[in-house]
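Chemist: Take this structure first; my questions come after.
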Amino acid sequence: MATEDSSQKLPQAEKPSEESNSDEPVSAEQQDSKPHILSPLKFANFELSHRVVLAPVTRCRALDHVPQPAHVKFYSQRTTSGGFLISEAAAVANDGIGFPNSPGIFSAEQVEGWKKVVDAVHEKGGIIFCQLWHVGRASHTVYQPEGKAPVSSTDKAIADGWTILMPDGTRGDYSKPRALETAEIPGIVNQFRLAARNAMLAGFDGVEIHGAHGYLVDQFLKNGINDRTDEYGGSIENRCRFALEVLEAVSQEIGGGRTAIRLSPIIDHMGAMDSDPVSLGLYLVQRLNELKEPLAYLHITEPRFTREGLKEEEDAEDEGEKMKKRRLCSLLRETFRGAFMSSGGFNKDTAIAAVANGKADMISFGRLFISNPDLPRRFEMQVKLTKYDRSTFYSSEQVKGYTDYPYFTSPRQAQFPVFSPSNSFNSSSSPTSSSIPAKKLTELSPSNSFNSSSSTTSSSLPAKKLPPFSPSNSFNSSSSSTSSSLPEKK
């Protein structure tokens with residue numbers, strides 16, 4: 001169902017000029033007329049106090065796939081008044097799981113667990129979207145109901161060289177998937193619709209469809225995976241059909257202003273390659289512009305995600321085609337009529353430049369936010385960052401490497417910022433951090449407790465609420481999520 005405000009036209013974001021370069025520093029003189037990652041932003045029906053977004057990061061702490069009290073603390077620690085968070089990906093059904101102890105949002109217990117998380121974020125004035133995913137072939141029979149094969153657009157397994165994290169902590173090969181029958185696809189679309197409904201019941205402000213990084217939606221989009229011969233395969237139009245049907249179903253259920261999508265046209269994670277990523281990306285974004293209700297935002301993973309350039313770039317390619325691929329994210333930004341979020345290897349300096357030069361409206365941070373729960377304040381105060389411990393990323397430990405990273409507490413850190421790597425983005429030699437004055441944020445609480453008396457819920461720019469979501473019936477369990485198909489489109 002659509003909300004009464006969801007049909008509002010999105011504000012047009014500032015578009016980058018042909019000459020602008022997101023990696024160029026911005027002078028102090030330019031700063032007065034340009035946005036900053038610490039400046040406010042309005043998009044859809046929301047008002048942010050800054051543009052430093054918590055990216056969706058899989059952490060494997062949801063025991064039995066249910067959010068725990070540790071999740072409440074983790075998300076609350078990273079909440080600021082008017083700040084924006086995206087949850088780790090939540091499976092839309094029990095056959096959409098591919099990680100140990102990754103959360104779902106298809107059962108009553110899961111919805112109740114997420115409700116506690118959302119309440120804690122809202123208590124501090126934050127805004128939070130739930131990322132919805134189905135991993136498709138990026139799974140193993142050990143995670144599937146009755147040990148069945150995972151489903152996908154194809155029956156080709158993920159190539160050797162990629163491994164899956166098993167429940168016992170070891171690595172294994174991905175299982176060979178089963179290609180979905182054409183008649184089964186509406187049922188998968190319906191799983192996303194019901195998951196979006198459940199997200200509203202949990203109190204989330206919206207949902208982000210995970211259409212990136214080689215998971216199910218991406219498995220339909222990329223012709224390096226999708227080898228179908230029906231209406232969901234072959235041409236770019238056909239390969240985009242599944243993603244667009246998911247977006248239409250979710251938008252009809254909760255409203256376009258509550259719906260977003262993440263895409264990665266140029267990223268080849270888990271073999272998700274395409275022979276023409278430029279045409280694929282531009283076609284899909286043009287179709288997003290044509291949806292009946294504008295999306296809340298578009299989230300794009302940049303090629304720097306790989307840190308090694310574009311892996312599919314060939315020496316024999318025309319130089320113009322190479323440049324097109326390198327500029328794809330900018331082309332998508334120029335094409336999309338709405339709020340634009342970028343992610344993938346950003347640091348403070350590159351984020352400041354990207355926002356100031358109009359390459360993005362928001363930047364999402366994953367690993368830096370994991371180890372720095374008060375990341376926006378550290379950016380503001382120009383203090384050193386805590387280094388993350390990669391070995392704890394996918395542990396089921398409820399405290400270590402999850403909620404025990406420290407807050408910035410000492411004013412001395414701001415006076416004498418020190419960070420050892422030479423390429424540190426908060427180094428005093430940084431070209432942008434020395435020339436751009438930090439914008440003041442709402443005061444952040446150093447407390448680790450989400451219900452601390454120093455909560456910032458009364459501070460400036462609180463989240464602007466959409467009308468309450470009132471579904472006609474309660475959440476549907478996973479057992480019903482595949483049995484019913486979408487209502488007929490008018």
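Simple scheme: letters A, B, ... for chains in structure tokens order, numbers from 1 for residues in each chain, numbers from 1 for ligands in the order shown.
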Apply DSSP to the backbone of this structure and, from segment 50-281 of chain A, keep only the residues in helix (DSSP H, G or I); write these as a compact mmCIF listing (two decimals) with N, CA, C and O atoms, in the first residue's frame.
Modeler:
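Generated file (selection-v1.txt):
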# COMPACT_ATOMS: atom_id res chain seq x y z
N LEU A 63 21.75 -15.12 16.51
CA LEU A 63 21.68 -16.54 16.85
C LEU A 63 20.36 -17.12 16.37
O LEU A 63 19.29 -16.56 16.61
N ASP A 64 20.45 -18.25 15.67
CA ASP A 64 19.27 -18.88 15.06
C ASP A 64 18.54 -17.91 14.14
O ASP A 64 17.32 -17.99 13.98
N HIS A 65 19.29 -16.96 13.58
CA HIS A 65 18.77 -16.01 12.59
C HIS A 65 17.78 -15.01 13.20
O HIS A 65 16.95 -14.43 12.47
N PRO A 69 19.86 -9.05 21.82
CA PRO A 69 20.10 -7.79 22.54
C PRO A 69 21.37 -7.07 22.08
O PRO A 69 21.42 -5.84 22.11
N ALA A 70 22.38 -7.84 21.66
CA ALA A 70 23.61 -7.22 21.17
C ALA A 70 23.35 -6.36 19.94
O ALA A 70 24.02 -5.35 19.73
N HIS A 71 22.37 -6.75 19.12
CA HIS A 71 22.02 -5.94 17.95
C HIS A 71 21.46 -4.59 18.39
O HIS A 71 21.75 -3.55 17.77
N VAL A 72 20.67 -4.59 19.43
CA VAL A 72 20.10 -3.35 19.95
C VAL A 72 21.23 -2.39 20.32
O VAL A 72 21.23 -1.21 19.96
N LYS A 73 22.22 -2.92 21.01
CA LYS A 73 23.33 -2.08 21.46
C LYS A 73 24.18 -1.63 20.27
O LYS A 73 24.59 -0.46 20.18
N PHE A 74 24.48 -2.54 19.33
CA PHE A 74 25.32 -2.22 18.19
C PHE A 74 24.73 -1.05 17.39
O PHE A 74 25.42 -0.08 17.06
N TYR A 75 23.45 -1.15 17.04
CA TYR A 75 22.84 -0.10 16.22
C TYR A 75 22.63 1.18 17.01
O TYR A 75 22.79 2.29 16.48
N SER A 76 22.28 1.06 18.29
CA SER A 76 22.12 2.26 19.11
C SER A 76 23.43 3.01 19.25
O SER A 76 23.47 4.24 19.20
N GLN A 77 24.54 2.28 19.41
CA GLN A 77 25.86 2.92 19.54
C GLN A 77 26.17 3.78 18.31
O GLN A 77 26.88 4.78 18.42
N ASN A 94 13.30 -18.37 4.52
CA ASN A 94 14.29 -19.30 5.05
C ASN A 94 15.15 -19.94 3.97
O ASN A 94 16.21 -20.51 4.28
N ASP A 95 14.76 -19.85 2.71
CA ASP A 95 15.62 -20.36 1.63
C ASP A 95 16.52 -19.27 1.07
O ASP A 95 17.25 -19.50 0.10
N GLY A 96 16.50 -18.09 1.70
CA GLY A 96 17.34 -16.98 1.24
C GLY A 96 18.56 -16.76 2.10
O GLY A 96 19.22 -15.72 1.99
N ALA A 108 7.70 -14.24 13.24
CA ALA A 108 7.25 -13.36 14.33
C ALA A 108 8.40 -13.04 15.28
O ALA A 108 8.55 -11.89 15.72
N GLU A 109 9.20 -14.04 15.61
CA GLU A 109 10.32 -13.83 16.53
C GLU A 109 11.34 -12.85 15.96
O GLU A 109 11.87 -12.00 16.68
N GLN A 110 11.60 -12.97 14.67
CA GLN A 110 12.54 -12.04 14.03
C GLN A 110 11.99 -10.61 14.02
O GLN A 110 12.72 -9.66 14.30
N VAL A 111 10.72 -10.46 13.71
CA VAL A 111 10.11 -9.14 13.70
C VAL A 111 10.20 -8.50 15.08
O VAL A 111 10.53 -7.31 15.22
N GLU A 112 9.93 -9.28 16.12
CA GLU A 112 10.02 -8.75 17.49
C GLU A 112 11.45 -8.36 17.83
O GLU A 112 11.69 -7.35 18.51
N GLY A 113 12.43 -9.16 17.38
CA GLY A 113 13.83 -8.82 17.62
C GLY A 113 14.22 -7.52 16.94
O GLY A 113 14.90 -6.66 17.54
N TRP A 114 13.79 -7.34 15.70
CA TRP A 114 14.10 -6.12 14.97
C TRP A 114 13.39 -4.91 15.58
O TRP A 114 13.90 -3.79 15.56
N LYS A 115 12.19 -5.13 16.12
CA LYS A 115 11.46 -4.01 16.72
C LYS A 115 12.25 -3.37 17.85
O LYS A 115 12.28 -2.14 18.00
N LYS A 116 12.92 -4.16 18.65
CA LYS A 116 13.75 -3.63 19.74
C LYS A 116 14.90 -2.79 19.18
O LYS A 116 15.27 -1.76 19.74
N VAL A 117 15.48 -3.25 18.08
CA VAL A 117 16.56 -2.49 17.43
C VAL A 117 16.04 -1.15 16.95
O VAL A 117 16.63 -0.09 17.21
N VAL A 118 14.93 -1.18 16.21
CA VAL A 118 14.37 0.04 15.64
C VAL A 118 13.97 1.02 16.74
O VAL A 118 14.21 2.23 16.64
N ASP A 119 13.36 0.52 17.80
CA ASP A 119 12.95 1.39 18.91
C ASP A 119 14.16 2.11 19.50
O ASP A 119 14.09 3.30 19.85
N ALA A 120 15.28 1.40 19.64
CA ALA A 120 16.49 2.01 20.20
C ALA A 120 17.03 3.11 19.29
O ALA A 120 17.48 4.16 19.76
N VAL A 121 16.99 2.87 17.98
CA VAL A 121 17.46 3.87 17.02
C VAL A 121 16.55 5.10 17.05
O VAL A 121 17.01 6.24 17.09
N HIS A 122 15.25 4.87 17.05
CA HIS A 122 14.30 5.98 17.07
C HIS A 122 14.37 6.76 18.38
O HIS A 122 14.15 7.98 18.39
N GLU A 123 14.67 6.07 19.47
CA GLU A 123 14.78 6.75 20.75
C GLU A 123 15.87 7.82 20.73
O GLU A 123 15.76 8.85 21.39
N THR A 141 23.66 -26.21 0.83
CA THR A 141 22.52 -27.03 1.24
C THR A 141 22.36 -27.06 2.76
O THR A 141 21.24 -27.24 3.26
N VAL A 142 23.44 -26.84 3.50
CA VAL A 142 23.34 -26.86 4.97
C VAL A 142 22.47 -25.72 5.48
O VAL A 142 21.89 -25.82 6.57
N TYR A 143 22.32 -24.65 4.70
CA TYR A 143 21.49 -23.52 5.11
C TYR A 143 20.06 -23.60 4.55
O TYR A 143 19.21 -22.78 4.90
N PRO A 145 16.24 -25.21 3.61
CA PRO A 145 15.23 -26.09 4.19
C PRO A 145 15.32 -27.50 3.64
O PRO A 145 15.42 -27.69 2.42
N GLU A 146 15.36 -28.47 4.53
CA GLU A 146 15.43 -29.89 4.16
C GLU A 146 16.67 -30.21 3.34
O GLU A 146 16.70 -31.23 2.64
N GLY A 147 17.69 -29.37 3.41
CA GLY A 147 18.93 -29.65 2.71
C GLY A 147 18.83 -29.60 1.20
O GLY A 147 19.66 -30.17 0.49
N THR A 182 9.99 -20.62 -14.25
CA THR A 182 9.35 -19.33 -14.49
C THR A 182 8.17 -19.11 -13.57
O THR A 182 7.98 -18.01 -13.03
N ALA A 183 7.38 -20.16 -13.35
CA ALA A 183 6.19 -20.04 -12.52
C ALA A 183 6.51 -19.82 -11.05
O ALA A 183 5.64 -19.39 -10.28
N GLU A 184 7.76 -20.09 -10.64
CA GLU A 184 8.14 -19.90 -9.23
C GLU A 184 8.54 -18.47 -8.91
O GLU A 184 8.55 -18.06 -7.74
N ILE A 185 8.90 -17.71 -9.92
CA ILE A 185 9.47 -16.38 -9.69
C ILE A 185 8.50 -15.43 -9.00
O ILE A 185 8.90 -14.69 -8.09
N PRO A 186 7.20 -15.41 -9.36
CA PRO A 186 6.29 -14.53 -8.61
C PRO A 186 6.27 -14.83 -7.12
O PRO A 186 6.09 -13.91 -6.30
N GLY A 187 6.48 -16.07 -6.73
CA GLY A 187 6.54 -16.41 -5.32
C GLY A 187 7.74 -15.80 -4.63
O GLY A 187 7.66 -15.37 -3.46
N ILE A 188 8.88 -15.72 -5.33
CA ILE A 188 10.07 -15.08 -4.75
C ILE A 188 9.84 -13.57 -4.64
O ILE A 188 10.21 -12.93 -3.65
N VAL A 189 9.23 -12.99 -5.66
CA VAL A 189 8.87 -11.56 -5.59
C VAL A 189 7.99 -11.31 -4.37
O VAL A 189 8.17 -10.33 -3.64
N ASN A 190 7.07 -12.23 -4.14
CA ASN A 190 6.16 -12.09 -3.00
C ASN A 190 6.90 -12.18 -1.67
O ASN A 190 6.49 -11.55 -0.68
N GLN A 191 7.98 -12.96 -1.62
CA GLN A 191 8.78 -13.01 -0.39
C GLN A 191 9.31 -11.62 -0.04
O GLN A 191 9.31 -11.23 1.14
N PHE A 192 9.78 -10.88 -1.04
CA PHE A 192 10.27 -9.53 -0.79
C PHE A 192 9.12 -8.61 -0.33
O PHE A 192 9.30 -7.79 0.57
N ARG A 193 7.97 -8.76 -0.93
CA ARG A 193 6.82 -7.93 -0.54
C ARG A 193 6.44 -8.18 0.92
O ARG A 193 6.24 -7.23 1.70
N LEU A 194 6.36 -9.44 1.30
CA LEU A 194 5.97 -9.77 2.68
C LEU A 194 7.06 -9.35 3.66
O LEU A 194 6.76 -8.92 4.78
N ALA A 195 8.32 -9.47 3.26
CA ALA A 195 9.42 -9.03 4.12
C ALA A 195 9.35 -7.52 4.34
O ALA A 195 9.62 -7.02 5.44
N ALA A 196 8.99 -6.77 3.29
CA ALA A 196 8.84 -5.32 3.43
C ALA A 196 7.70 -5.00 4.40
O ALA A 196 7.81 -4.09 5.23
N ARG A 197 6.62 -5.75 4.32
CA ARG A 197 5.52 -5.57 5.27
C ARG A 197 6.00 -5.82 6.69
O ARG A 197 5.69 -5.08 7.62
N ASN A 198 6.76 -6.90 6.88
CA ASN A 198 7.28 -7.21 8.20
C ASN A 198 8.21 -6.13 8.72
O ASN A 198 8.24 -5.82 9.91
N ALA A 199 8.99 -5.54 7.81
CA ALA A 199 9.88 -4.44 8.21
C ALA A 199 9.07 -3.26 8.74
O ALA A 199 9.46 -2.61 9.72
N MET A 200 7.93 -2.98 8.12
CA MET A 200 7.07 -1.91 8.62
C MET A 200 6.48 -2.28 9.98
O MET A 200 6.36 -1.43 10.88
N LEU A 201 6.11 -3.54 10.16
CA LEU A 201 5.58 -3.98 11.46
C LEU A 201 6.64 -3.85 12.55
O LEU A 201 6.31 -3.58 13.71
N LEU A 216 20.85 -12.77 -5.22
CA LEU A 216 19.83 -13.23 -6.16
C LEU A 216 19.42 -12.20 -7.20
O LEU A 216 19.35 -12.51 -8.40
N VAL A 217 19.13 -10.97 -6.78
CA VAL A 217 18.71 -9.96 -7.77
C VAL A 217 19.82 -9.74 -8.79
O VAL A 217 19.56 -9.67 -10.00
N ASP A 218 21.06 -9.67 -8.32
CA ASP A 218 22.21 -9.49 -9.21
C ASP A 218 22.40 -10.70 -10.10
O ASP A 218 22.90 -10.59 -11.23
N GLN A 219 22.02 -11.88 -9.64
CA GLN A 219 22.14 -13.10 -10.44
C GLN A 219 21.20 -13.09 -11.63
O GLN A 219 21.45 -13.76 -12.63
N PHE A 220 20.12 -12.33 -11.52
CA PHE A 220 19.23 -12.14 -12.67
C PHE A 220 19.75 -11.03 -13.58
O PHE A 220 19.61 -11.10 -14.80
N LEU A 221 20.38 -10.01 -13.01
CA LEU A 221 20.80 -8.85 -13.80
C LEU A 221 21.98 -9.15 -14.71
O LEU A 221 22.01 -8.69 -15.86
N ILE A 236 18.80 -7.26 -22.00
CA ILE A 236 18.91 -6.44 -20.79
C ILE A 236 17.52 -6.20 -20.20
O ILE A 236 17.34 -6.28 -18.98
N GLU A 237 16.54 -5.94 -21.06
CA GLU A 237 15.18 -5.70 -20.58
C GLU A 237 14.67 -6.90 -19.78
O GLU A 237 14.07 -6.74 -18.71
N ASN A 238 14.89 -8.10 -20.31
CA ASN A 238 14.42 -9.30 -19.62
C ASN A 238 15.17 -9.54 -18.31
O ASN A 238 14.58 -9.94 -17.31
N ARG A 239 16.48 -9.30 -18.32
CA ARG A 239 17.27 -9.55 -17.11
C ARG A 239 16.95 -8.56 -15.99
O ARG A 239 17.16 -8.85 -14.82
N ARG A 241 13.90 -7.54 -15.46
CA ARG A 241 12.49 -7.73 -15.13
C ARG A 241 12.29 -8.12 -13.66
O ARG A 241 11.42 -7.58 -12.97
N PHE A 242 13.09 -9.05 -13.15
CA PHE A 242 12.93 -9.52 -11.78
C PHE A 242 13.15 -8.38 -10.78
O PHE A 242 12.34 -8.18 -9.86
N ALA A 243 14.22 -7.62 -10.96
CA ALA A 243 14.50 -6.50 -10.05
C ALA A 243 13.35 -5.49 -10.05
O ALA A 243 12.94 -5.00 -8.99
N LEU A 244 12.83 -5.18 -11.24
CA LEU A 244 11.76 -4.19 -11.33
C LEU A 244 10.46 -4.73 -10.73
O LEU A 244 9.70 -3.97 -10.11
N GLU A 245 10.20 -6.02 -10.89
CA GLU A 245 9.00 -6.60 -10.28
C GLU A 245 9.10 -6.57 -8.76
O GLU A 245 8.09 -6.31 -8.07
N VAL A 246 10.29 -6.82 -8.23
CA VAL A 246 10.48 -6.75 -6.78
C VAL A 246 10.22 -5.32 -6.30
O VAL A 246 9.51 -5.10 -5.31
N LEU A 247 10.80 -4.33 -6.98
CA LEU A 247 10.62 -2.94 -6.58
C LEU A 247 9.15 -2.51 -6.67
O LEU A 247 8.64 -1.80 -5.79
N GLU A 248 8.48 -2.92 -7.73
CA GLU A 248 7.08 -2.55 -7.88
C GLU A 248 6.23 -3.18 -6.78
O GLU A 248 5.35 -2.51 -6.20
N ALA A 249 6.50 -4.44 -6.45
CA ALA A 249 5.73 -5.12 -5.40
C ALA A 249 5.95 -4.47 -4.04
O ALA A 249 5.00 -4.24 -3.28
N VAL A 250 7.20 -4.17 -3.73
CA VAL A 250 7.52 -3.55 -2.44
C VAL A 250 6.96 -2.14 -2.37
O VAL A 250 6.39 -1.73 -1.33
N SER A 251 7.08 -1.37 -3.46
CA SER A 251 6.54 -0.01 -3.47
C SER A 251 5.03 -0.01 -3.31
O SER A 251 4.47 0.84 -2.62
N GLN A 252 4.35 -0.96 -3.93
CA GLN A 252 2.91 -1.07 -3.77
C GLN A 252 2.54 -1.40 -2.33
O GLN A 252 1.51 -0.94 -1.82
N GLU A 253 3.37 -2.16 -1.67
CA GLU A 253 3.09 -2.60 -0.30
C GLU A 253 3.34 -1.50 0.72
O GLU A 253 2.54 -1.30 1.64
N ILE A 254 4.46 -0.78 0.60
CA ILE A 254 4.85 0.17 1.67
C ILE A 254 5.04 1.60 1.18
O ILE A 254 5.22 2.50 2.00
N GLY A 256 6.68 4.06 -2.36
CA GLY A 256 7.97 4.30 -3.01
C GLY A 256 8.91 5.11 -2.15
O GLY A 256 10.12 4.92 -2.19
N GLY A 257 8.37 6.05 -1.35
CA GLY A 257 9.21 6.88 -0.50
C GLY A 257 9.87 6.14 0.62
O GLY A 257 10.75 6.68 1.30
N ARG A 258 9.46 4.89 0.84
CA ARG A 258 10.09 4.03 1.84
C ARG A 258 10.98 2.96 1.21
O ARG A 258 11.49 2.09 1.91
N HIS A 269 31.78 -9.44 -7.84
CA HIS A 269 31.79 -10.29 -6.64
C HIS A 269 31.05 -11.60 -6.90
O HIS A 269 29.95 -11.61 -7.44
N MET A 270 31.67 -12.71 -6.54
CA MET A 270 31.10 -14.05 -6.72
C MET A 270 30.69 -14.31 -8.18
O MET A 270 29.67 -14.93 -8.46
N GLY A 271 31.51 -13.81 -9.09
CA GLY A 271 31.29 -14.09 -10.51
C GLY A 271 30.19 -13.29 -11.16
O GLY A 271 29.76 -13.61 -12.28
N PRO A 277 28.31 -3.72 -18.74
CA PRO A 277 27.77 -3.13 -17.50
C PRO A 277 27.27 -1.71 -17.67
O PRO A 277 26.37 -1.28 -16.95
N VAL A 278 27.81 -0.97 -18.62
CA VAL A 278 27.37 0.41 -18.83
C VAL A 278 25.92 0.43 -19.32
O VAL A 278 25.06 1.13 -18.77
N SER A 279 25.64 -0.34 -20.35
CA SER A 279 24.28 -0.39 -20.88
C SER A 279 23.31 -0.96 -19.85
O SER A 279 22.17 -0.47 -19.71
N LEU A 280 23.74 -1.99 -19.13
CA LEU A 280 22.89 -2.58 -18.10
C LEU A 280 22.55 -1.55 -17.03
O LEU A 280 21.37 -1.37 -16.67
N GLY A 281 23.56 -0.89 -16.51
CA GLY A 281 23.34 0.08 -15.44
C GLY A 281 22.46 1.24 -15.87
O GLY A 281 21.53 1.63 -15.16
Chemist: Would you list the contacts of Ser342 of chain A as a list in words, taking every protein, DNA or RNA residue within 7 Å and counting only C-alpha atoms, but skipping same-chain residues closer than 6 positions in sequence?
Modeler: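 So the residues in contact are His299, Ile300, Thr301, Glu302, Ala360, Met362, Ile363 and Ser364 of chain A.
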Chemist: Hey, can you spit out that residue selection with N, CA and C atoms as a tab-separated table (two decimals), in the first residue's frame?
Modeler:
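Dumped to out36.tsv:
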chain	number	residue	atom	x	y	z
A	299	HIS	N	21.42	3.39	-4.15
A	299	HIS	CA	22.70	3.11	-3.48
A	299	HIS	C	23.58	2.34	-4.45
A	300	ILE	N	24.74	2.89	-4.78
A	300	ILE	CA	25.64	2.28	-5.77
A	300	ILE	C	26.99	1.95	-5.11
A	301	THR	N	27.48	0.74	-5.34
A	301	THR	CA	28.83	0.37	-4.91
A	301	THR	C	29.81	0.73	-6.01
A	302	GLU	N	30.80	1.53	-5.67
A	302	GLU	CA	31.77	2.01	-6.65
A	302	GLU	C	32.82	0.94	-6.98
A	360	ALA	N	27.79	12.40	-5.17
A	360	ALA	CA	26.88	11.65	-4.31
A	360	ALA	C	26.25	12.62	-3.30
A	362	MET	N	25.05	11.15	-0.30
A	362	MET	CA	25.38	10.46	0.95
A	362	MET	C	26.47	9.45	0.67
A	363	ILE	N	27.28	9.15	1.71
A	363	ILE	CA	28.30	8.12	1.61
A	363	ILE	C	28.08	7.13	2.74
A	364	SER	N	28.04	5.85	2.39
A	364	SER	CA	27.89	4.83	3.44
A	364	SER	C	29.24	4.21	3.74
Chemist: With distances taken over only C-alpha atoms, which residue among A:Met166, A:Leu328, A:Leu375, A:Ala157 lies nearest Lys348 of chain A?
Modeler: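 Of A:Met166, A:Leu328, A:Leu375, A:Ala157, the one nearest Lys348 of chain A is A:Leu375, counting only C-alpha atoms.
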Chemist: Enumerate, as a PyMOL selection string, the complete set of residues in segment 104-324 of chain A that a backbone-based DSSP assignment places in strand (DSSP E).
Modeler: chain A and resi 127-133+151-152+164-165+171-172+178-179+206-211+259-263+297-301
Chemist: What's around segment 79-93 of chain A at 6 Å? Count only C-alpha atoms, leave out sequence neighbours fewer than 5 positions away in its own chain, and write the answer as number ranges by chain.
Modeler: A: 48-49, 53-58, 103-106, 124-134, 191-192, 195, 456-457, 461-463, 478
Chemist: For Ala351 of chain A, list every protein, DNA or RNA residue within 9 Å, evaluated using only C-alpha atoms, and leave out those in the same chain fewer than 2 positions away; present the list as a CSV table (one decimal) with N, CA, C and O atoms, in the first residue's frame.
Modeler:
chain,number,residue,atom,x,y,z
A,22,SER,N,35.6,13.5,-8.3
A,22,SER,CA,35.2,13.3,-7.0
A,22,SER,C,36.5,13.1,-6.1
A,22,SER,O,36.4,13.1,-4.9
A,23,ASP,N,37.6,12.9,-6.7
A,23,ASP,CA,38.8,12.7,-5.9
A,23,ASP,C,39.6,14.0,-5.7
A,23,ASP,O,40.7,14.0,-5.0
A,36,HIS,N,28.6,19.2,2.3
A,36,HIS,CA,29.6,18.6,3.0
A,36,HIS,C,29.1,17.3,3.6
A,36,HIS,O,27.9,17.2,3.9
A,37,ILE,N,29.9,16.3,3.9
A,37,ILE,CA,29.4,15.1,4.5
A,37,ILE,C,28.8,15.3,5.9
A,37,ILE,O,28.0,14.5,6.4
A,52,VAL,N,26.8,10.9,6.7
A,52,VAL,CA,27.6,9.8,7.0
A,52,VAL,C,26.7,8.6,7.4
A,52,VAL,O,26.1,8.6,8.5
A,342,SER,N,26.6,6.6,-2.4
A,342,SER,CA,27.8,5.8,-2.9
A,342,SER,C,28.5,5.1,-1.7
A,342,SER,O,28.4,5.6,-0.6
A,346,PHE,N,35.5,4.3,0.6
A,346,PHE,CA,35.7,5.7,0.9
A,346,PHE,C,36.4,5.9,2.2
A,346,PHE,O,36.2,5.2,3.2
A,347,ASN,N,37.2,7.0,2.3
A,347,ASN,CA,37.6,7.5,3.5
A,347,ASN,C,37.1,8.9,3.7
A,347,ASN,O,36.3,9.4,2.9
A,348,LYS,N,37.5,9.6,4.7
A,348,LYS,CA,36.9,10.9,5.0
A,348,LYS,C,37.2,11.9,3.8
A,348,LYS,O,36.3,12.6,3.4
A,349,ASP,N,38.4,12.0,3.3
A,349,ASP,CA,38.8,12.9,2.3
A,349,ASP,C,38.0,12.6,1.0
A,349,ASP,O,37.5,13.6,0.4
A,353,ALA,N,35.1,15.0,-0.8
A,353,ALA,CA,35.2,15.4,-2.2
A,353,ALA,C,34.1,15.0,-3.1
A,353,ALA,O,33.5,15.7,-3.9
A,354,ALA,N,33.6,13.7,-2.9
A,354,ALA,CA,32.5,13.2,-3.6
A,354,ALA,C,31.2,14.0,-3.4
A,354,ALA,O,30.5,14.3,-4.3
A,355,VAL,N,30.9,14.3,-2.2
A,355,VAL,CA,29.7,15.1,-1.8
A,355,VAL,C,29.9,16.5,-2.3
A,355,VAL,O,28.9,17.0,-2.9
A,356,ALA,N,31.0,17.1,-2.1
A,356,ALA,CA,31.2,18.5,-2.5
A,356,ALA,C,31.1,18.7,-4.0
A,356,ALA,O,30.6,19.7,-4.4
A,360,ALA,N,27.8,12.4,-5.2
A,360,ALA,CA,26.9,11.7,-4.3
A,360,ALA,C,26.3,12.6,-3.3
A,360,ALA,O,26.8,13.7,-3.0
A,362,MET,N,25.0,11.1,-0.3
A,362,MET,CA,25.4,10.5,0.9
A,362,MET,C,26.5,9.4,0.7
A,362,MET,O,26.6,8.9,-0.4
A,363,ILE,N,27.3,9.2,1.7
A,363,ILE,CA,28.3,8.1,1.6
A,363,ILE,C,28.1,7.1,2.7
A,363,ILE,O,28.0,7.5,3.9
Chemist: Between A:Gln68, A:Thr392, A:Thr403, A:Ser371, which one has atoms that come closest to Ser102 of chain A, using only C-alpha atoms?
Modeler: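 Selected residue with least distance to Ser102 of chain A: A:Gln68.
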Chemist: So that I can check the surroundings of Gly172 of chain A, please list as a ChimeraX atom specification every protein, DNA and RNA residue that reaches within 12 Å of it, counting only C-alpha atoms and ignoring chain neighbours fewer than 2 positions away.
Modeler: /A:98-99,138-142,158,160-170,174-175
Chemist: Between A:Lys400, A:Arg78, A:Lys176, A:Lys292, which is the closest to Gly366 of chain A once you count only C-alpha atoms?
Modeler: A:Arg78
Chemist: Using only C-alpha atoms, pick whichever of A:Leu38, A:Val383, A:Ala159, A:Leu331 has the shortest atom-to-atom distance to Arg51 of chain A.
Modeler: A:Leu38
